[in-house]
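Heads up, the thing below is written out as structure tokens.
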Protein chains: 4
Amino acid sequence: MDPTDREVACFEAGVKFGSLYHQFAGTPVSPASADDLARAMAAAIENQPFCRSVSVEVDAAALEADLDAEYGYTELTGRHYEAEVVVDYAGVEVVSRMAMADGYPHMTVESVTED
Amino acid sequence: MDPTDREVACFEAGVKFGSLYHQFAGTPVSPASADDLARAMAAAIENQPFCRSVSVEVDAAALEADLDAEYGYTELTGRHYEAEVVVDYAGVEVVSRMAMADGYPHMTVESVTED
Amino acid sequence: MDPTDREVACFEAGVKFGSLYHQFAGTPVSPASADDLARAMAAAIENQPFCRSVSVEVDAAALEADLDAEYGYTELTGRHYEAEVVVDYAGVEVVSRMAMADGYPHMTVESVTED
Amino acid sequence: MDPTDREVACFEAGVKFGSLYHQFAGTPVSPASADDLARAMAAAIENQPFCRSVSVEVDAAALEADLDAEYGYTELTGRHYEAEVVVDYAGVEVVSRMAMADGYPHMTVESVTED
């Protein structure tokens, strides 16, 4: 069966989240560089089609806990930030989110709204 | 409004596609290494939750056209392969696909089927 | 034969360049987001051991030439920027650079200087 | 001062290691998919200029220790594999290696040999 606009909008939101996560996983990150990275991540993914907004918020405590004792940085992974992606496809708005749950980063669809 | 199972299944399919694309974009690839890469890409993404199968098929002509004249390789991008991702979430099967259209790789939902 | 400090310093410079290039290859980039990305790339790699400074300069014309006609962005590759990496290892300073030559991005060691 | 052939060869080895590490950091990996990934990683980097051979060996115990309890996979990082990169530049052979030391993956130059 063909997908509805709501379903395609959810697919598009998922594409943005997979892109965000896997493009930047492994990036060297420290408390000093984290905000620049978060801003660049959001701005990069906002370029993708149907993407209205992306926000990336670093969890300073989670980042601090993972820092290399000698060099003061670590590699970015889902423990270190939360993110929100809003997609607008054919008049359907999808709000999706990534946050930690049970020790792992979970990506979820929060709402699907038609104009 | 809360998402339906069909909508979450589409979101999950999107996550797999974004992950596949952006984890491996930029990988050095040549005719000799392309099949190993395609197999590893599929196997990697199949690890993700709710992912039933992934297939990646290299377009040998498109790859050949992009090879560096001196060193015989290029960097993987969406022009070089087609992919199919099948997700199964809560009894909903989503078949999604990436292929070239108008000179760009497009990711689309092909079907959404409930048991 | 064991490497000298100068040789290890050059190895370290190479590690930074390979990291810079392949961490960010494929990132969605547009004229509007390019400066944020360049800043984040430099700040990320400066976290690595023995790295004194990194600068990334976007080539606006090269980026413009690659933009998707419909969505106004492209995927970052070596054509779109030049970079300089300075490493300091055991009193040896290595200046290395990436720039286009013969249609491809080339990474080179510009100087190796001992205190 | 201009770099010697030995120094450039070490730089090239570093480039390969940085590429290997950051292209694949974050890839979903499980015991079932790890060997395909290791083979593809080696084959990808062997495409790069002056690269004679790459070997990637997964540390099965380290991988097992990091698996997500629910989904049975994790994201690839330097804890999960050792690697050797051999570069041949202008008659200089560099053997370099990545292995764990003090809880972190360390990349080192093992030998630099002229013909």
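In the structure tokens, each chain is lettered A, B, ... as it comes, each chain's residues begin at 1, and ligands are numbered from 1 in order of appearance.
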Within 10 Å of chain D, which residues of chain A are there when counting only C-alpha atoms? Please give them as an NGL selection string. :A and (21-28 or 68-70 or 75-78 or 103-104)
Output for the residues just chosen: all heavy atoms as a short mmCIF file (atom, residue, chain, number, x, y, z; two decimals), in the first residue's frame:
data_model
loop_
_atom_site.label_atom_id
_atom_site.label_comp_id
_atom_site.auth_asym_id
_atom_site.auth_seq_id
_atom_site.Cartn_x
_atom_site.Cartn_y
_atom_site.Cartn_z
N TYR A 21 22.89 11.42 13.58
CA TYR A 21 23.61 10.54 14.51
C TYR A 21 24.89 9.98 13.88
O TYR A 21 25.97 10.03 14.48
CB TYR A 21 22.70 9.39 14.93
CG TYR A 21 23.21 8.69 16.16
CD1 TYR A 21 22.79 9.07 17.43
CD2 TYR A 21 24.14 7.66 16.05
CE1 TYR A 21 23.28 8.44 18.56
CE2 TYR A 21 24.64 7.04 17.19
CZ TYR A 21 24.21 7.43 18.43
OH TYR A 21 24.70 6.82 19.56
N HIS A 22 24.76 9.45 12.68
CA HIS A 22 25.90 8.72 12.10
C HIS A 22 26.90 9.59 11.37
O HIS A 22 28.04 9.18 11.17
CB HIS A 22 25.40 7.55 11.26
CG HIS A 22 24.93 6.44 12.14
ND1 HIS A 22 25.79 5.53 12.69
CD2 HIS A 22 23.71 6.14 12.63
CE1 HIS A 22 25.12 4.71 13.47
NE2 HIS A 22 23.85 5.04 13.45
N GLN A 23 26.50 10.79 10.96
CA GLN A 23 27.50 11.68 10.38
C GLN A 23 28.50 12.12 11.45
O GLN A 23 29.69 12.24 11.17
CB GLN A 23 26.82 12.92 9.78
CG GLN A 23 27.80 13.89 9.13
CD GLN A 23 28.53 13.26 7.96
OE1 GLN A 23 27.92 12.81 7.00
NE2 GLN A 23 29.84 13.17 8.04
N PHE A 24 28.03 12.32 12.66
CA PHE A 24 28.87 12.95 13.67
C PHE A 24 29.35 11.99 14.75
O PHE A 24 30.19 12.37 15.58
CB PHE A 24 28.14 14.16 14.26
CG PHE A 24 27.87 15.22 13.23
CD1 PHE A 24 26.61 15.37 12.65
CD2 PHE A 24 28.90 16.04 12.79
CE1 PHE A 24 26.37 16.34 11.67
CE2 PHE A 24 28.68 17.01 11.81
CZ PHE A 24 27.40 17.16 11.25
N ALA A 25 28.87 10.76 14.79
CA ALA A 25 29.36 9.78 15.76
C ALA A 25 30.87 9.65 15.60
O ALA A 25 31.37 9.50 14.49
CB ALA A 25 28.68 8.44 15.55
N GLY A 26 31.57 9.71 16.71
CA GLY A 26 33.02 9.55 16.67
C GLY A 26 33.79 10.86 16.59
O GLY A 26 35.02 10.86 16.69
N THR A 27 33.10 11.98 16.43
CA THR A 27 33.79 13.28 16.37
C THR A 27 34.48 13.57 17.70
O THR A 27 33.85 13.45 18.75
CB THR A 27 32.77 14.41 16.09
OG1 THR A 27 32.10 14.13 14.86
CG2 THR A 27 33.48 15.76 15.97
N PRO A 28 35.76 13.97 17.66
CA PRO A 28 36.42 14.37 18.91
C PRO A 28 35.69 15.57 19.52
O PRO A 28 35.43 16.55 18.81
CB PRO A 28 37.83 14.76 18.44
CG PRO A 28 38.04 14.03 17.15
CD PRO A 28 36.68 13.99 16.51
N ASP A 68 38.67 11.58 28.27
CA ASP A 68 39.98 10.94 28.40
C ASP A 68 40.77 11.71 29.47
O ASP A 68 40.88 12.94 29.40
CB ASP A 68 40.65 11.02 27.03
CG ASP A 68 42.09 10.55 27.00
OD1 ASP A 68 42.91 11.03 27.83
OD2 ASP A 68 42.43 9.75 26.13
N ALA A 69 41.30 10.96 30.44
CA ALA A 69 41.97 11.62 31.56
C ALA A 69 43.20 12.39 31.09
O ALA A 69 43.56 13.43 31.65
CB ALA A 69 42.37 10.58 32.60
N GLU A 70 43.86 11.89 30.06
CA GLU A 70 45.13 12.51 29.66
C GLU A 70 44.91 13.69 28.71
O GLU A 70 45.56 14.72 28.82
CB GLU A 70 46.01 11.45 28.98
CG GLU A 70 47.42 11.95 28.75
CD GLU A 70 48.34 10.84 28.26
OE1 GLU A 70 47.86 9.67 28.16
OE2 GLU A 70 49.52 11.13 27.97
N GLU A 75 34.99 10.80 22.19
CA GLU A 75 34.35 10.71 20.86
C GLU A 75 32.85 10.83 21.04
O GLU A 75 32.26 10.09 21.83
CB GLU A 75 34.66 9.36 20.22
CG GLU A 75 36.11 9.18 19.90
CD GLU A 75 36.38 7.75 19.47
OE1 GLU A 75 35.47 7.12 18.89
OE2 GLU A 75 37.49 7.26 19.71
N LEU A 76 32.25 11.68 20.26
CA LEU A 76 30.81 11.93 20.38
C LEU A 76 30.00 10.65 20.16
O LEU A 76 30.21 9.92 19.20
CB LEU A 76 30.35 12.96 19.35
CG LEU A 76 28.90 13.40 19.52
CD1 LEU A 76 28.77 14.32 20.72
CD2 LEU A 76 28.38 14.09 18.27
N THR A 77 29.05 10.44 21.06
CA THR A 77 28.09 9.35 20.89
C THR A 77 26.75 9.83 21.47
O THR A 77 26.67 10.94 22.00
CB THR A 77 28.59 8.04 21.53
OG1 THR A 77 27.67 7.00 21.19
CG2 THR A 77 28.71 8.15 23.04
N GLY A 78 25.73 9.00 21.35
CA GLY A 78 24.39 9.42 21.74
C GLY A 78 24.21 9.73 23.21
O GLY A 78 23.24 10.40 23.59
N GLY A 103 19.68 3.63 29.55
CA GLY A 103 21.10 3.58 29.24
C GLY A 103 21.44 3.66 27.76
O GLY A 103 22.61 3.56 27.40
N TYR A 104 20.43 3.82 26.90
CA TYR A 104 20.70 3.92 25.47
C TYR A 104 19.97 5.12 24.86
O TYR A 104 18.89 5.48 25.34
CB TYR A 104 20.26 2.65 24.73
CG TYR A 104 21.05 1.46 25.18
CD1 TYR A 104 20.51 0.56 26.09
CD2 TYR A 104 22.35 1.27 24.74
CE1 TYR A 104 21.27 -0.51 26.56
CE2 TYR A 104 23.11 0.21 25.20
CZ TYR A 104 22.57 -0.67 26.10
OH TYR A 104 23.32 -1.71 26.56
#
Would you return as an mmCIF file with all heavy atoms, in the first residue's frame the members of stretch 3-92 of chain B that DSSP assigns to strand (DSSP E or B) on this structure's backbone?
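And here's part23.cif as it stands now:
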data_model
loop_
_atom_site.group_PDB
_atom_site.id
_atom_site.type_symbol
_atom_site.label_atom_id
_atom_site.label_comp_id
_atom_site.auth_asym_id
_atom_site.auth_seq_id
_atom_site.Cartn_x
_atom_site.Cartn_y
_atom_site.Cartn_z
ATOM 1 N N PRO B 28 36.536 5.519 0.946
ATOM 2 C CA PRO B 28 37.282 5.229 -0.281
ATOM 3 C C PRO B 28 36.762 3.922 -0.903
ATOM 4 O O PRO B 28 36.648 2.908 -0.205
ATOM 5 C CB PRO B 28 38.732 5.070 0.198
ATOM 6 C CG PRO B 28 38.795 5.834 1.494
ATOM 7 C CD PRO B 28 37.430 5.648 2.109
ATOM 8 N N VAL B 29 36.443 3.961 -2.194
ATOM 9 C CA VAL B 29 35.853 2.787 -2.834
ATOM 10 C C VAL B 29 36.364 2.664 -4.270
ATOM 11 O O VAL B 29 36.558 3.665 -4.956
ATOM 12 C CB VAL B 29 34.306 2.853 -2.775
ATOM 13 C CG1 VAL B 29 33.760 4.071 -3.512
ATOM 14 C CG2 VAL B 29 33.667 1.582 -3.299
ATOM 15 N N CYS B 51 15.051 -3.761 12.088
ATOM 16 C CA CYS B 51 15.498 -3.822 10.703
ATOM 17 C C CYS B 51 15.503 -5.276 10.227
ATOM 18 O O CYS B 51 16.267 -6.098 10.736
ATOM 19 C CB CYS B 51 16.896 -3.224 10.583
ATOM 20 S SG CYS B 51 17.353 -2.946 8.863
ATOM 21 N N ARG B 52 14.633 -5.585 9.293
ATOM 22 C CA ARG B 52 14.562 -6.960 8.816
ATOM 23 C C ARG B 52 15.640 -7.252 7.785
ATOM 24 O O ARG B 52 16.286 -8.295 7.819
ATOM 25 C CB ARG B 52 13.184 -7.248 8.220
ATOM 26 C CG ARG B 52 13.050 -8.721 7.819
ATOM 27 C CD ARG B 52 11.755 -9.017 7.125
ATOM 28 N NE ARG B 52 10.632 -8.985 8.053
ATOM 29 C CZ ARG B 52 9.362 -8.942 7.675
ATOM 30 N NH1 ARG B 52 9.055 -8.916 6.384
ATOM 31 N NH2 ARG B 52 8.399 -8.919 8.575
ATOM 32 N N SER B 53 15.836 -6.375 6.825
ATOM 33 C CA SER B 53 16.875 -6.637 5.817
ATOM 34 C C SER B 53 17.297 -5.343 5.145
ATOM 35 O O SER B 53 16.527 -4.390 5.038
ATOM 36 C CB SER B 53 16.375 -7.620 4.759
ATOM 37 O OG SER B 53 15.364 -7.009 3.986
ATOM 38 N N VAL B 54 18.540 -5.346 4.707
ATOM 39 C CA VAL B 54 19.103 -4.233 3.947
ATOM 40 C C VAL B 54 19.838 -4.831 2.757
ATOM 41 O O VAL B 54 20.556 -5.816 2.916
ATOM 42 C CB VAL B 54 20.115 -3.418 4.790
ATOM 43 C CG1 VAL B 54 20.724 -2.284 3.964
ATOM 44 C CG2 VAL B 54 19.448 -2.874 6.050
ATOM 45 N N SER B 55 19.614 -4.278 1.572
ATOM 46 C CA SER B 55 20.478 -4.684 0.463
ATOM 47 C C SER B 55 21.055 -3.439 -0.190
ATOM 48 O O SER B 55 20.383 -2.418 -0.315
ATOM 49 C CB SER B 55 19.740 -5.562 -0.538
ATOM 50 O OG SER B 55 18.853 -4.774 -1.279
ATOM 51 N N VAL B 56 22.319 -3.537 -0.548
ATOM 52 C CA VAL B 56 23.051 -2.430 -1.163
ATOM 53 C C VAL B 56 23.637 -2.959 -2.458
ATOM 54 O O VAL B 56 24.349 -3.962 -2.446
ATOM 55 C CB VAL B 56 24.177 -1.936 -0.227
ATOM 56 C CG1 VAL B 56 25.045 -0.898 -0.924
ATOM 57 C CG2 VAL B 56 23.604 -1.383 1.067
ATOM 58 N N GLU B 57 23.301 -2.292 -3.565
ATOM 59 C CA GLU B 57 23.812 -2.761 -4.849
ATOM 60 C C GLU B 57 24.609 -1.646 -5.515
ATOM 61 O O GLU B 57 24.069 -0.580 -5.806
ATOM 62 C CB GLU B 57 22.642 -3.179 -5.751
ATOM 63 C CG GLU B 57 23.073 -4.108 -6.849
ATOM 64 C CD GLU B 57 21.865 -4.899 -7.355
ATOM 65 O OE1 GLU B 57 20.935 -5.179 -6.552
ATOM 66 O OE2 GLU B 57 21.848 -5.219 -8.553
ATOM 67 N N VAL B 58 25.886 -1.918 -5.743
ATOM 68 C CA VAL B 58 26.752 -0.913 -6.357
ATOM 69 C C VAL B 58 26.422 -0.788 -7.840
ATOM 70 O O VAL B 58 26.187 -1.782 -8.527
ATOM 71 C CB VAL B 58 28.228 -1.308 -6.161
ATOM 72 C CG1 VAL B 58 29.146 -0.342 -6.900
ATOM 73 C CG2 VAL B 58 28.553 -1.342 -4.677
ATOM 74 N N THR B 74 37.450 6.363 -5.629
ATOM 75 C CA THR B 74 36.735 7.603 -5.366
ATOM 76 C C THR B 74 36.154 7.521 -3.955
ATOM 77 O O THR B 74 36.441 6.570 -3.222
ATOM 78 C CB THR B 74 35.642 7.865 -6.427
ATOM 79 O OG1 THR B 74 35.112 9.175 -6.239
ATOM 80 C CG2 THR B 74 34.519 6.841 -6.361
ATOM 81 N N GLU B 75 35.340 8.521 -3.588
ATOM 82 C CA GLU B 75 34.685 8.506 -2.275
ATOM 83 C C GLU B 75 33.221 8.160 -2.467
ATOM 84 O O GLU B 75 32.532 8.781 -3.271
ATOM 85 C CB GLU B 75 34.765 9.888 -1.627
ATOM 86 C CG GLU B 75 36.163 10.305 -1.265
ATOM 87 C CD GLU B 75 36.210 11.768 -0.852
ATOM 88 O OE1 GLU B 75 35.210 12.265 -0.302
ATOM 89 O OE2 GLU B 75 37.238 12.399 -1.097
ATOM 90 N N TYR B 81 25.362 3.764 -5.639
ATOM 91 C CA TYR B 81 24.662 2.538 -5.226
ATOM 92 C C TYR B 81 23.162 2.775 -5.067
ATOM 93 O O TYR B 81 22.718 3.916 -4.900
ATOM 94 C CB TYR B 81 25.238 1.979 -3.921
ATOM 95 C CG TYR B 81 25.068 2.845 -2.697
ATOM 96 C CD1 TYR B 81 24.069 2.589 -1.763
ATOM 97 C CD2 TYR B 81 25.917 3.917 -2.452
ATOM 98 C CE1 TYR B 81 23.919 3.375 -0.628
ATOM 99 C CE2 TYR B 81 25.775 4.712 -1.314
ATOM 100 C CZ TYR B 81 24.775 4.443 -0.412
ATOM 101 O OH TYR B 81 24.626 5.215 0.713
ATOM 102 N N GLU B 82 22.422 1.700 -5.156
ATOM 103 C CA GLU B 82 21.010 1.701 -4.793
ATOM 104 C C GLU B 82 20.866 0.846 -3.544
ATOM 105 O O GLU B 82 21.680 -0.043 -3.296
ATOM 106 C CB GLU B 82 20.162 1.127 -5.932
ATOM 107 C CG GLU B 82 20.334 1.934 -7.217
ATOM 108 C CD GLU B 82 19.185 1.737 -8.209
ATOM 109 O OE1 GLU B 82 18.446 0.729 -8.069
ATOM 110 O OE2 GLU B 82 19.039 2.582 -9.103
ATOM 111 N N ALA B 83 19.827 1.122 -2.775
ATOM 112 C CA ALA B 83 19.658 0.362 -1.536
ATOM 113 C C ALA B 83 18.178 0.145 -1.243
ATOM 114 O O ALA B 83 17.331 0.957 -1.622
ATOM 115 C CB ALA B 83 20.315 1.093 -0.364
ATOM 116 N N GLU B 84 17.899 -0.965 -0.601
ATOM 117 C CA GLU B 84 16.553 -1.256 -0.118
ATOM 118 C C GLU B 84 16.636 -1.572 1.363
ATOM 119 O O GLU B 84 17.508 -2.350 1.789
ATOM 120 C CB GLU B 84 15.964 -2.462 -0.862
ATOM 121 C CG GLU B 84 14.514 -2.732 -0.480
ATOM 122 C CD GLU B 84 14.019 -4.079 -0.978
ATOM 123 O OE1 GLU B 84 14.386 -5.117 -0.368
ATOM 124 O OE2 GLU B 84 13.269 -4.105 -1.973
ATOM 125 N N VAL B 85 15.753 -0.999 2.144
ATOM 126 C CA VAL B 85 15.692 -1.256 3.579
ATOM 127 C C VAL B 85 14.274 -1.733 3.905
ATOM 128 O O VAL B 85 13.297 -1.062 3.540
ATOM 129 C CB VAL B 85 16.000 0.016 4.391
ATOM 130 C CG1 VAL B 85 15.690 -0.188 5.874
ATOM 131 C CG2 VAL B 85 17.448 0.449 4.200
ATOM 132 N N VAL B 86 14.181 -2.865 4.587
ATOM 133 C CA VAL B 86 12.885 -3.375 5.028
ATOM 134 C C VAL B 86 12.874 -3.378 6.557
ATOM 135 O O VAL B 86 13.762 -3.957 7.191
ATOM 136 C CB VAL B 86 12.605 -4.790 4.487
ATOM 137 C CG1 VAL B 86 11.219 -5.263 4.930
ATOM 138 C CG2 VAL B 86 12.723 -4.811 2.968
ATOM 139 N N VAL B 87 11.863 -2.718 7.108
ATOM 140 C CA VAL B 87 11.710 -2.609 8.553
ATOM 141 C C VAL B 87 10.431 -3.316 8.963
ATOM 142 O O VAL B 87 9.451 -3.330 8.215
ATOM 143 C CB VAL B 87 11.657 -1.102 8.938
ATOM 144 C CG1 VAL B 87 10.916 -0.874 10.232
ATOM 145 C CG2 VAL B 87 13.067 -0.525 9.011
ATOM 146 N N ASP B 88 10.464 -3.927 10.128
ATOM 147 C CA ASP B 88 9.264 -4.564 10.672
ATOM 148 C C ASP B 88 9.076 -4.044 12.087
ATOM 149 O O ASP B 88 9.866 -4.363 12.983
ATOM 150 C CB ASP B 88 9.471 -6.088 10.666
ATOM 151 C CG ASP B 88 8.207 -6.826 11.073
ATOM 152 O OD1 ASP B 88 7.282 -6.196 11.627
ATOM 153 O OD2 ASP B 88 8.154 -8.040 10.841
ATOM 154 N N TYR B 89 8.064 -3.231 12.286
ATOM 155 C CA TYR B 89 7.806 -2.639 13.599
ATOM 156 C C TYR B 89 6.359 -2.913 13.990
ATOM 157 O O TYR B 89 5.433 -2.501 13.277
ATOM 158 C CB TYR B 89 8.057 -1.124 13.558
ATOM 159 C CG TYR B 89 7.686 -0.423 14.843
ATOM 160 C CD1 TYR B 89 8.578 -0.368 15.904
ATOM 161 C CD2 TYR B 89 6.427 0.143 15.009
ATOM 162 C CE1 TYR B 89 8.237 0.246 17.093
ATOM 163 C CE2 TYR B 89 6.074 0.766 16.206
ATOM 164 C CZ TYR B 89 6.983 0.805 17.241
ATOM 165 O OH TYR B 89 6.642 1.399 18.423
ATOM 166 N N VAL B 92 4.017 -4.024 11.365
ATOM 167 C CA VAL B 92 3.933 -3.208 10.137
ATOM 168 C C VAL B 92 5.248 -3.347 9.380
ATOM 169 O O VAL B 92 6.318 -3.106 9.933
ATOM 170 C CB VAL B 92 3.711 -1.722 10.463
ATOM 171 C CG1 VAL B 92 3.645 -0.905 9.174
ATOM 172 C CG2 VAL B 92 2.451 -1.530 11.291
#
Polymer residues at most 9 Å from A:Arg39, only C-alpha atoms, same-chain spacing of 4 or more positions, as a CSV table (one decimal) with all heavy atoms, in the first residue's frame:
chain,number,residue,atom,x,y,z
A,34,ALA,N,32.3,21.6,22.4
A,34,ALA,CA,31.0,21.0,22.3
A,34,ALA,C,29.9,21.9,21.7
A,34,ALA,O,29.0,21.5,20.9
A,34,ALA,CB,30.5,20.4,23.6
A,35,ASP,N,29.9,23.2,22.1
A,35,ASP,CA,28.8,24.0,21.6
A,35,ASP,C,29.0,24.4,20.1
A,35,ASP,O,28.0,24.4,19.4
A,35,ASP,CB,28.8,25.3,22.4
A,35,ASP,CG,28.2,25.1,23.8
A,35,ASP,OD1,27.6,24.1,24.0
A,35,ASP,OD2,28.4,25.9,24.7
A,43,ALA,N,22.8,22.9,12.1
A,43,ALA,CA,22.8,23.7,10.9
A,43,ALA,C,23.0,22.8,9.7
A,43,ALA,O,22.4,23.0,8.6
A,43,ALA,CB,23.9,24.8,10.9
A,44,ALA,N,23.8,21.7,9.8
A,44,ALA,CA,24.1,20.8,8.7
A,44,ALA,C,22.8,20.0,8.3
A,44,ALA,O,22.4,19.9,7.2
A,44,ALA,CB,25.2,19.8,9.1
A,55,SER,N,17.5,21.0,16.8
A,55,SER,CA,18.3,21.5,17.9
A,55,SER,C,19.0,20.4,18.6
A,55,SER,O,18.5,19.2,18.7
A,55,SER,CB,17.4,22.2,18.9
A,55,SER,OG,16.6,21.3,19.6
A,56,VAL,N,20.2,20.7,18.9
A,56,VAL,CA,21.1,19.7,19.6
A,56,VAL,C,21.6,20.3,20.9
A,56,VAL,O,22.2,21.4,20.9
A,56,VAL,CB,22.3,19.4,18.6
A,56,VAL,CG1,23.4,18.5,19.4
A,56,VAL,CG2,21.9,18.7,17.3
A,57,GLU,N,21.4,19.6,22.0
A,57,GLU,CA,21.8,20.1,23.3
A,57,GLU,C,22.7,19.1,23.9
A,57,GLU,O,22.4,18.0,24.2
A,57,GLU,CB,20.6,20.3,24.1
A,57,GLU,CG,20.8,21.3,25.2
A,57,GLU,CD,19.5,21.9,25.7
A,57,GLU,OE1,18.5,22.0,24.9
A,57,GLU,OE2,19.4,22.2,26.9
C,36,ASP,N,29.8,27.7,10.1
C,36,ASP,CA,29.6,27.0,11.4
C,36,ASP,C,30.3,25.6,11.3
C,36,ASP,O,30.9,25.1,12.3
C,36,ASP,CB,28.1,26.7,11.7
C,36,ASP,CG,27.5,27.9,12.4
C,36,ASP,OD1,28.2,28.8,12.8
C,36,ASP,OD2,26.2,27.9,12.5
C,37,LEU,N,30.2,25.0,10.2
C,37,LEU,CA,30.8,23.7,10.0
C,37,LEU,C,32.3,23.8,10.0
C,37,LEU,O,33.0,23.0,10.7
C,37,LEU,CB,30.3,23.0,8.7
C,37,LEU,CG,30.9,21.6,8.4
C,37,LEU,CD1,30.5,20.6,9.5
C,37,LEU,CD2,30.4,21.1,7.1
C,40,ALA,N,33.5,24.2,13.6
C,40,ALA,CA,33.3,23.0,14.4
C,40,ALA,C,34.4,21.9,14.0
C,40,ALA,O,34.9,21.2,14.8
C,40,ALA,CB,31.9,22.5,14.2
With only C-alpha atoms as the counted atoms, please give the residues lying no more than 10 Å from B:Thr4, apart from itself and same-chain residues fewer than 5 positions off, as a compact mmCIF listing (two decimals) with N, CA, C and O atoms, in the first residue's frame.
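Output (out-v3.txt):
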# COMPACT_ATOMS: atom_id res chain seq x y z
N ARG A 6 1.40 11.58 6.03
CA ARG A 6 1.86 11.48 7.42
C ARG A 6 2.98 10.44 7.54
O ARG A 6 3.94 10.66 8.28
N GLU A 7 2.85 9.35 6.83
CA GLU A 7 3.88 8.31 6.92
C GLU A 7 5.17 8.76 6.25
O GLU A 7 6.27 8.53 6.77
N VAL A 109 9.13 9.42 17.78
CA VAL A 109 8.23 10.40 17.17
C VAL A 109 7.34 10.94 18.28
O VAL A 109 6.64 10.17 18.94
N SER A 111 5.11 13.79 17.94
CA SER A 111 3.78 14.16 17.44
C SER A 111 3.78 14.26 15.93
O SER A 111 4.81 14.52 15.30
N VAL A 112 2.61 14.02 15.37
CA VAL A 112 2.38 14.13 13.92
C VAL A 112 1.13 14.99 13.76
O VAL A 112 0.06 14.58 14.23
N ALA B 9 6.80 2.94 12.20
CA ALA B 9 7.54 2.03 11.32
C ALA B 9 8.23 2.81 10.20
O ALA B 9 9.38 2.52 9.83
N CYS B 10 7.55 3.81 9.66
CA CYS B 10 8.15 4.65 8.62
C CYS B 10 9.31 5.47 9.17
O CYS B 10 10.35 5.62 8.52
Could you give me the residues within chain D that DSSP places in helix (DSSP H, G or I), as a PyMOL selection string? chain D and resi 5-24+34-46+60-66+78-80
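Taking atom CA of D:Pro3 as the reference point, atom CA of C:Ala13 is found at 12.4 Å.
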